[in-house]
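Q: Sending over model04.txt (compact mmCIF, C-alpha atoms).
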```
# COMPACT_ATOMS: atom_id res chain seq x y z
CA MET G 1 0.00 0.00 0.00
CA ASN G 2 2.88 2.36 0.82
CA VAL G 3 4.52 1.74 -2.53
CA LEU G 4 1.22 2.09 -4.40
CA PHE G 5 0.45 5.35 -2.60
CA LEU G 6 3.87 6.82 -3.40
CA CYS G 7 3.79 5.76 -7.07
CA VAL G 8 0.30 7.03 -7.81
CA PHE G 9 0.93 10.24 -5.89
CA VAL G 10 4.21 11.10 -7.62
CA LEU G 11 2.89 10.18 -11.06
CA SER G 12 -0.30 12.23 -10.62
CA ALA G 13 1.55 15.18 -9.09
CA GLY G 14 4.00 15.16 -12.00
CA LEU G 15 1.14 15.27 -14.49
CA VAL G 16 -0.58 18.07 -12.58
CA ILE G 17 2.62 20.15 -12.84
CA VAL G 18 2.64 19.66 -16.60
CA ARG G 19 -1.04 20.49 -17.04
CA ASP G 20 -1.73 23.20 -14.49
CA ALA G 21 0.43 23.41 -11.37
CA SER G 22 -2.01 25.72 -9.58
CA ALA G 23 -4.57 22.92 -9.46
CA PHE G 24 -2.37 20.88 -7.12
CA LEU G 25 -3.33 22.20 -3.70
CA PRO G 26 -7.05 22.61 -4.46
CA ALA G 27 -7.15 18.96 -5.53
CA LEU G 28 -5.56 17.81 -2.26
CA LEU G 29 -7.86 20.02 -0.20
CA GLU G 30 -10.90 18.78 -2.07
CA GLY G 31 -9.96 15.20 -1.25
CA ALA G 32 -9.37 16.00 2.42
CA GLY G 33 -12.64 17.92 2.54
CA GLY G 34 -14.37 14.87 1.15
CA ALA G 35 -12.76 12.82 3.93
CA VAL G 36 -14.08 15.25 6.56
CA THR G 37 -17.66 15.22 5.27
CA LEU G 38 -17.56 11.47 4.78
CA SER G 39 -16.27 10.93 8.32
CA LEU G 40 -19.01 13.14 9.71
CA SER G 41 -21.73 11.24 7.92
CA LEU G 42 -20.08 7.98 8.97
CA ALA G 43 -20.05 9.20 12.57
CA ALA G 44 -23.77 9.93 12.37
CA ALA G 45 -24.53 6.49 10.95
CA TYR G 46 -22.26 4.78 13.50
CA ALA G 47 -23.83 6.59 16.46
CA VAL G 48 -27.28 5.34 15.47
CA TRP G 49 -26.26 1.81 14.55
CA LEU G 50 -23.73 1.16 17.29
CA GLY G 51 -26.27 2.35 19.85
CA PHE G 52 -28.97 0.14 18.39
CA LEU G 53 -26.64 -2.83 18.12
CA GLN G 54 -25.54 -2.43 21.74
CA VAL G 55 -29.18 -2.66 22.85
CA ALA G 56 -29.67 -5.74 20.67
CA GLU G 57 -26.50 -7.28 22.08
CA ASP G 58 -27.40 -6.59 25.71
CA ALA G 59 -30.76 -8.23 25.08
CA GLY G 60 -28.97 -11.29 23.72
CA PHE G 61 -30.34 -11.04 20.18
CA LEU G 62 -26.99 -10.87 18.44
CA GLY G 63 -25.92 -14.10 20.09
CA GLY G 64 -29.01 -15.75 18.60
CA LEU G 65 -28.36 -14.38 15.12
CA SER G 66 -24.73 -15.42 15.35
CA ARG G 67 -25.60 -18.95 16.50
CA ALA G 68 -28.02 -19.35 13.59
CA MET G 69 -25.28 -18.44 11.09
CA LEU G 70 -22.48 -20.25 12.92
CA PRO G 71 -22.32 -23.38 10.73
CA LEU G 72 -21.68 -21.16 7.70
CA THR G 73 -19.50 -18.43 9.22
CA ARG G 74 -17.26 -20.71 11.27
CA ARG G 75 -16.33 -22.74 8.23
CA LEU G 76 -16.05 -19.84 5.77
CA PHE G 77 -13.85 -17.65 7.98
CA SER G 78 -12.21 -20.60 9.80
CA THR G 79 -12.14 -19.01 13.23
CA LYS G 80 -13.61 -19.97 16.59
CA ASN G 81 -13.63 -16.39 17.82
CA GLU G 82 -17.29 -16.15 18.88
CA LYS G 83 -17.24 -12.45 19.72
CA ALA G 84 -15.93 -11.63 16.26
CA LEU G 85 -18.34 -14.01 14.54
CA GLU G 86 -21.19 -12.18 16.26
CA GLN G 87 -20.15 -8.93 14.56
CA VAL G 88 -19.51 -10.79 11.31
CA SER G 89 -23.06 -12.14 11.21
CA VAL G 90 -24.51 -8.70 11.98
CA ASN G 91 -22.43 -7.29 9.13
CA LEU G 92 -23.53 -9.97 6.67
CA ALA G 93 -27.20 -9.69 7.60
CA ALA G 94 -27.12 -5.87 7.40
CA ASN G 95 -25.33 -5.97 4.05
CA LEU G 96 -27.88 -8.35 2.56
CA CYS G 97 -30.70 -6.06 3.65
CA GLY G 98 -28.95 -2.97 2.25
CA MET G 99 -28.35 -1.28 5.62
CA GLY G 100 -24.90 0.06 4.77
CA GLY G 101 -24.37 2.06 7.96
CA ALA G 102 -25.01 -0.87 10.26
CA ALA G 103 -22.89 -3.10 8.08
CA THR G 104 -19.71 -0.99 8.10
CA GLY G 105 -19.95 -0.38 11.86
CA ALA G 106 -20.17 -4.09 12.58
CA GLY G 107 -17.58 -4.85 9.89
CA VAL G 108 -14.95 -2.58 11.43
CA ALA G 109 -15.69 -4.06 14.87
CA ALA G 110 -15.29 -7.57 13.46
CA MET G 111 -11.96 -6.68 11.84
CA ARG G 112 -10.63 -5.37 15.14
CA LEU G 113 -11.75 -8.46 17.03
CA LEU G 114 -10.06 -10.66 14.41
CA ASP G 115 -6.83 -8.79 15.06
CA ARG G 116 -4.43 -11.76 15.00
CA GLU G 117 -6.27 -13.93 12.50
CA ARG G 118 -4.99 -12.86 9.14
CA TYR G 119 -6.77 -15.38 6.98
CA SER G 120 -10.16 -14.66 8.56
CA GLN G 121 -9.63 -10.92 8.09
CA GLU G 122 -8.73 -11.30 4.44
CA MET G 123 -11.65 -13.63 3.74
CA PHE G 124 -14.05 -11.25 5.48
CA PHE G 125 -12.74 -8.25 3.53
CA VAL G 126 -13.12 -10.03 0.19
CA VAL G 127 -16.61 -11.28 1.04
CA ASN G 128 -17.59 -7.72 1.96
CA CYS G 129 -16.15 -6.34 -1.26
CA ALA G 130 -18.50 -8.52 -3.32
CA GLY G 131 -21.29 -6.30 -2.01
CA LEU G 132 -24.06 -8.88 -2.29
CA GLN G 133 -27.41 -7.14 -1.70
CA LEU G 134 -30.91 -8.52 -1.97
CA LEU G 135 -32.30 -5.07 -2.66
CA PRO G 136 -29.84 -2.43 -3.93
CA SER G 137 -31.93 0.46 -2.62
CA THR G 138 -29.65 3.31 -3.81
CA VAL G 139 -29.72 2.23 -7.44
CA LEU G 140 -33.44 1.49 -7.36
CA SER G 141 -34.32 4.95 -6.06
CA LEU G 142 -31.96 6.51 -8.61
CA ARG G 143 -33.71 4.63 -11.40
CA VAL G 144 -37.13 5.76 -10.20
CA GLN G 145 -35.89 9.35 -10.12
CA ALA G 146 -34.51 8.99 -13.66
CA GLY G 147 -37.99 8.00 -14.84
CA SER G 148 -37.39 4.31 -15.44
CA ALA G 149 -40.45 2.33 -16.55
CA ASP G 150 -39.05 -0.83 -14.97
CA PRO G 151 -36.64 0.03 -12.15
CA PHE G 152 -36.38 -3.62 -11.08
CA SER G 153 -35.01 -4.78 -14.43
CA VAL G 154 -31.41 -4.52 -13.16
CA LEU G 155 -32.10 -6.55 -10.03
CA LEU G 156 -31.37 -9.98 -11.46
CA PRO G 157 -28.17 -9.08 -13.38
CA ALA G 158 -26.84 -7.25 -10.31
CA LEU G 159 -27.68 -10.11 -7.96
CA LEU G 160 -26.23 -12.82 -10.19
CA SER G 161 -23.01 -10.97 -10.91
CA SER G 162 -22.44 -10.09 -7.23
CA LEU G 163 -22.98 -13.72 -6.41
CA ALA G 164 -20.42 -14.72 -9.04
CA SER G 165 -17.98 -12.15 -7.66
CA LEU G 166 -18.51 -13.52 -4.15
CA LEU G 167 -17.81 -17.08 -5.25
CA LEU G 168 -14.74 -16.08 -7.26
CA GLY G 169 -13.40 -14.05 -4.34
CA VAL G 170 -13.89 -16.86 -1.83
CA LEU G 171 -12.23 -19.30 -4.20
CA LEU G 172 -9.22 -17.03 -4.76
CA VAL G 173 -8.77 -16.39 -1.04
CA ARG G 174 -8.89 -20.13 -0.39
CA LEU G 175 -6.28 -20.70 -3.07
CA PHE G 176 -3.88 -17.84 -2.43
CA CYS G 177 -4.13 -16.77 1.21
CA ARG G 178 -2.42 -18.89 3.81
CA ARG G 179 -4.56 -20.18 6.65
CA MET A 180 -40.22 -1.57 2.59
CA ASN A 181 -40.00 1.76 4.44
CA ILE A 182 -41.91 0.36 7.38
CA LEU A 183 -39.39 -2.40 7.99
CA LEU A 184 -36.75 -0.36 9.77
CA PRO A 185 -38.94 1.45 12.34
CA VAL A 186 -40.70 -1.82 13.11
CA LEU A 187 -37.34 -3.54 13.64
CA PHE A 188 -36.23 -0.79 16.03
CA ILE A 189 -39.49 -0.94 17.99
CA ILE A 190 -39.39 -4.72 18.30
CA VAL A 191 -35.76 -4.80 19.44
CA LEU A 192 -36.09 -1.95 21.95
CA VAL A 193 -39.34 -3.24 23.48
CA ALA A 194 -38.10 -6.82 23.65
CA ALA A 195 -34.85 -5.61 25.22
CA ALA A 196 -36.82 -3.70 27.85
CA PHE A 197 -38.76 -6.87 28.64
CA ARG A 198 -35.44 -8.60 29.17
CA LYS A 199 -34.51 -6.03 31.80
CA VAL A 200 -32.03 -4.15 29.59
CA ARG A 201 -31.61 -0.46 30.57
CA VAL A 202 -32.31 0.65 27.02
CA TYR A 203 -31.27 4.29 27.33
CA ASP A 204 -27.96 3.54 29.06
CA SER A 205 -27.26 0.69 26.69
CA PHE A 206 -27.88 2.81 23.59
CA ALA A 207 -25.67 5.58 24.95
CA GLN A 208 -22.91 3.11 25.74
CA GLY A 209 -22.98 1.79 22.19
CA ALA A 210 -23.11 5.24 20.61
CA GLY A 211 -20.13 6.20 22.77
CA GLY A 212 -17.98 3.95 20.63
CA THR A 213 -18.54 6.24 17.62
CA LEU A 214 -15.92 8.94 18.08
CA PRO A 215 -12.98 6.63 18.95
CA LEU A 216 -13.86 4.61 15.86
CA VAL A 217 -14.02 7.63 13.56
CA LYS A 218 -10.81 9.00 15.09
CA LYS A 219 -9.03 5.75 14.24
CA LEU A 220 -10.38 5.57 10.69
CA PHE A 221 -10.08 9.21 9.64
CA PRO A 222 -6.33 9.27 8.84
CA TYR A 223 -6.61 6.46 6.30
CA VAL A 224 -9.84 7.71 4.77
CA ALA A 225 -8.19 11.12 4.37
CA ALA A 226 -5.07 9.65 2.74
CA VAL A 227 -7.06 7.56 0.27
CA LEU A 228 -9.44 10.37 -0.69
CA VAL A 229 -6.64 12.92 -1.10
CA LEU A 230 -4.88 10.51 -3.42
CA ALA A 231 -8.10 9.79 -5.35
CA SER A 232 -8.74 13.51 -5.81
CA LEU A 233 -5.21 14.11 -7.08
CA PHE A 234 -5.49 11.10 -9.40
CA GLU A 235 -8.65 12.60 -10.88
CA ALA A 236 -7.25 16.14 -11.20
CA SER A 237 -4.08 14.96 -12.93
CA GLY A 238 -6.15 13.63 -15.81
CA LEU A 239 -4.53 10.27 -15.21
CA SER A 240 -7.85 8.56 -14.56
CA ALA A 241 -9.37 10.02 -17.74
CA ALA A 242 -6.30 9.00 -19.76
CA LEU A 243 -6.38 5.53 -18.28
CA SER A 244 -10.04 5.04 -19.10
CA LYS A 245 -9.40 6.23 -22.67
CA ALA A 246 -6.55 3.79 -23.02
CA LEU A 247 -8.55 0.89 -21.64
CA GLU A 248 -11.73 1.68 -23.57
CA PRO A 249 -11.03 -0.51 -26.62
CA ALA A 250 -9.99 -3.49 -24.50
CA LEU A 251 -13.06 -3.24 -22.30
CA SER A 252 -15.35 -2.77 -25.29
CA VAL A 253 -14.11 -6.07 -26.66
CA LEU A 254 -15.06 -7.65 -23.33
CA GLY A 255 -18.61 -6.34 -23.73
CA VAL A 256 -18.60 -3.17 -21.63
CA PRO A 257 -20.30 -0.34 -23.54
CA ALA A 258 -17.91 2.61 -24.01
CA PRO A 259 -19.83 5.14 -21.86
CA VAL A 260 -19.75 2.72 -18.91
CA VAL A 261 -15.94 2.23 -19.02
CA PRO A 262 -15.12 5.22 -16.76
CA LEU A 263 -17.61 3.89 -14.22
CA VAL A 264 -15.90 0.50 -14.07
CA LEU A 265 -12.58 2.25 -13.43
CA VAL A 266 -13.79 4.83 -10.91
CA LYS A 267 -15.83 2.36 -8.88
CA PRO A 268 -13.00 0.93 -6.73
CA PHE A 269 -11.90 4.44 -5.70
CA SER A 270 -14.99 6.49 -5.10
CA GLY A 271 -18.53 5.53 -4.20
CA SER A 272 -19.95 9.04 -4.51
CA GLY A 273 -18.03 9.61 -7.75
CA SER A 274 -19.42 6.47 -9.36
CA LEU A 275 -22.94 7.25 -8.16
CA ALA A 276 -22.68 10.66 -9.82
CA LEU A 277 -21.55 8.93 -13.04
CA VAL A 278 -24.50 6.53 -12.93
CA GLY A 279 -26.92 9.43 -12.50
CA GLN A 280 -25.33 11.24 -15.45
CA LEU A 281 -25.48 8.15 -17.70
CA CYS A 282 -29.12 7.48 -16.79
CA ALA A 283 -30.01 11.09 -17.59
CA GLN A 284 -28.10 11.09 -20.87
CA TYR A 285 -29.05 7.69 -22.31
CA GLY A 286 -32.26 6.96 -20.38
CA ALA A 287 -32.59 4.67 -17.40
CA ASP A 288 -34.07 1.84 -19.45
CA SER A 289 -31.50 1.96 -22.26
CA TYR A 290 -28.80 -0.68 -22.45
CA VAL A 291 -26.17 1.79 -21.25
CA GLY A 292 -28.36 2.97 -18.37
CA ARG A 293 -29.12 -0.55 -17.22
CA CYS A 294 -25.47 -1.58 -17.49
CA ALA A 295 -24.42 1.42 -15.41
CA CYS A 296 -26.97 0.61 -12.71
CA ALA A 297 -26.07 -3.07 -12.62
CA VAL A 298 -22.34 -2.31 -12.46
CA TYR A 299 -22.91 0.15 -9.64
CA ALA A 300 -25.00 -2.37 -7.69
CA THR A 301 -22.31 -5.05 -7.79
CA GLY A 302 -19.25 -4.83 -5.63
CA GLU A 303 -17.99 -2.27 -3.17
CA THR A 304 -15.62 0.70 -3.14
CA VAL A 305 -12.61 -1.57 -2.66
CA PHE A 306 -9.92 0.99 -1.76
CA TYR A 307 -12.17 2.85 0.63
CA LEU A 308 -13.22 -0.37 2.35
CA SER A 309 -9.60 -1.49 2.62
CA ALA A 310 -8.64 1.81 4.27
CA LEU A 311 -11.52 1.33 6.67
CA TYR A 312 -10.97 -2.36 7.45
CA PHE A 313 -7.20 -2.69 7.44
CA ALA A 314 -6.64 0.79 8.95
CA GLY A 315 -3.03 1.14 7.93
CA GLY A 316 -1.99 -2.49 8.00
CA GLY A 317 -2.38 -2.47 4.23
CA ARG A 318 -2.31 -5.83 2.50
CA ALA A 319 -1.93 -6.21 -1.23
CA ARG A 320 -3.24 -9.72 -1.77
CA PRO A 321 -6.86 -9.40 -0.58
CA VAL A 322 -7.15 -6.04 -2.33
CA VAL A 323 -6.01 -7.53 -5.63
CA ILE A 324 -8.42 -10.45 -5.20
CA ALA A 325 -11.30 -8.09 -4.44
CA LEU A 326 -10.48 -5.88 -7.45
CA LEU A 327 -10.28 -8.90 -9.71
CA SER A 328 -13.57 -10.41 -8.63
CA ASN A 329 -15.33 -7.03 -8.77
CA PHE A 330 -14.01 -6.52 -12.29
CA ALA A 331 -15.29 -9.95 -13.31
CA ALA A 332 -18.65 -9.05 -11.77
CA ALA A 333 -18.80 -5.83 -13.82
CA LEU A 334 -18.17 -7.74 -17.05
CA LEU A 335 -20.79 -10.32 -16.13
CA ALA A 336 -23.30 -7.60 -15.20
CA CYS A 337 -22.98 -6.00 -18.66
CA LEU A 338 -23.36 -9.39 -20.31
CA LEU A 339 -26.43 -10.26 -18.25
CA CYS A 340 -28.03 -6.88 -19.02
CA ARG A 341 -27.82 -7.79 -22.70
CA VAL A 342 -29.38 -11.22 -22.23
CA LEU A 343 -31.97 -10.66 -19.51
```
Please express what this file holds, its structure, as structure tokens.

A:
Amino acid sequence: MNVLFLCVFVLSAGLVIVRDASAFLPALLEGAGGAVTLSLSLAAAYAVWLGFLQVAEDAGFLGGLSRAMLPLTRRLFSTKNEKALEQVSVNLAANLCGMGGAATGAGVAAMRLLDRERYSQEMFFVVNCAGLQLLPSTVLSLRVQAGSADPFSVLLPALLSSLASLLLGVLLVRLFCRR
Amino acid sequence: MNILLPVLFIIVLVAAAFRKVRVYDSFAQGAGGTLPLVKKLFPYVAAVLVLASLFEASGLSAALSKALEPALSVLGVPAPVVPLVLVKPFSGSGSLALVGQLCAQYGADSYVGRCACAVYATGETVFYLSALYFAGGGRARPVVIALLSNFAAALLACLLCRVL
């Protein structure tokens, strides 16, 4: 990541100098500004979802959800870390239902709990990147706004290709990441 | 669909109260985890977004998408959707803006519009998610795997839009 960052940065900065050197600082500031607004909206989503999830956890609901998914999650992520698997199952359930805010909150928590288990972390990251959603609500509302006659016509292609991406990702992690 | 979320909240909070959970304190305790979390994530989100912004401003991303356009067209991605496939791993808001633009320009029910929507709905913003999840302990292998499978998904989505 360090090498990638340096290479892309130097290459881009070099090109900016050639094109229009005065655009350099505004571009950096725009990116950082985006990070600030994004972090604020993330903070808002986290506050709601982490609060809600804490209530659900104290009531013992998350344990139930986690136990229901245990046969799948334990094998897929090959870990016995129950605390982490609890967050993992919340993340997967929230992702499937299109609740992005809840999903990232639980996902980050799961990654921190899986601190020393490299393989599980990598598998979890790749599974998350497939972005499997039963109802991609953002795209659907965008299509309605754009005046689509059949907003649901992209549902099946999107679902099938995310599923394919998920399977490919899992396969590649199994092949190339050491357990 | 809209009713689902409030109902879920009501059920969980009421059931928790029945189980003798101090709902207010519990919610506050959970929400208290927010700022430490954001504080830990912010540096990496900032670094990635600054880089993405510079990448865009340098014209490198536009040049790259121009260079890759013929290759991707052969693989079945319609030319207007090519920039979307390339921007997607870097910027969620950027790719959403592109989808909106394509839907407005070509029509939401056109082949291009449907491809754009399907491509957007598959996969995640890989670099952003890796900054969030690996928080500094960057790892190349899972990122490459995720990029590869997301790319395959984008190709498949365009293909399926043609058939279905």

Q: Could you check the closest approach to G:Leu50 for each of G:Cys177, G:Ala102, G:Val90, G:Leu65 and tell me which residue wins, using only C-alpha atoms?

A: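 Of all the options, G:Ala102 lies closest to G:Leu50.
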
Q: For chain G, work out the contacting residues on chain A at 6 Å, counting only C-alpha atoms, and write them as number ranges by chain.

A: A: 195, 205-206, 209-210, 213, 224-225, 228-229, 232-234, 237, 287-288, 297, 300-303, 312, 317, 321, 325, 328-329, 332, 335-336, 339

Q: Return the single residue from G:Leu175, G:Cys7, G:Leu134, G:Leu62 that is closest to G:Cys97, with distances computed using only C-alpha atoms.

A: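 Distance minimum relative to G:Cys97 lands on G:Leu134.
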
Q: Within 12 Å of A:Gln280, counting all atoms listed in the file, which residues qualify if same-chain residues fewer than 4 places away don't, as a list in words?

A: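 Close residues of A:Gln280: Leu142, Arg143, Gln145 and Ala146 of chain G; Pro259, Val260, Pro262, Leu263, Gly273, Ser274, Leu275, Ala276, Gln284, Tyr285, Gly286, Ala287, Val291, Gly292, Ala295 and Cys296 of chain A.
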
Q: Here is a test: counting all atoms listed in the file, which residue of G:Ala106, G:Gly100, G:Ala93, G:Ser120 is nearest to G:Arg74?

A: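 Looking only at the distances to G:Arg74, the closest residue turns out to be G:Ser120.
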
Q: Please measure the separation of atom CA of A:Leu216 and atom CA of A:Arg201, giving the value in Å to one decimal.

A: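 Going from atom CA of A:Leu216 over to atom CA of A:Arg201 covers 23.6 Å.
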
Q: From the options A:Val261, A:Ala236, A:Phe188, A:Ala231, which residue's atoms come nearest to A:Glu248, counting only C-alpha atoms?

A: A:Val261

Q: Would you mind telling me which residue in G:Gly101, G:Arg174, G:Gly64, G:Leu96 lies nearest to G:Glu82 when using all atoms listed in the file?

A: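 Closest candidate: G:Gly64.
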
Q: With distances taken over all atoms listed in the file, which residue among A:Leu220, A:Val298, A:Leu187, A:Ala250 lies nearest A:Pro268?

A: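 The answer is A:Val298, which sits nearest to A:Pro268.
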
Q: Please measure the separation of atom CA of A:Ala258 and atom CA of A:Cys340, giving the value in Å to one decimal.

A: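 These two atoms are separated by 14.7 Å.
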
Q: Quick check, in Å to one decimal: how far apart do atom CA of A:Tyr203 and atom CA of A:Lys218 lie?

A: 24.3 Å

Q: Edge lengths and centre in Å to one decimal, as lines of an AutoDock Vina configuration file, is what I'm after for the box along x, y and z that holds all listed atoms of stretch 249-263 of chain A once 4 Å is added on each side.

A:
```
center_x = -15.1
center_y = -1.2
center_z = -20.4
size_x = 18.3
size_y = 20.9
size_z = 20.4
```
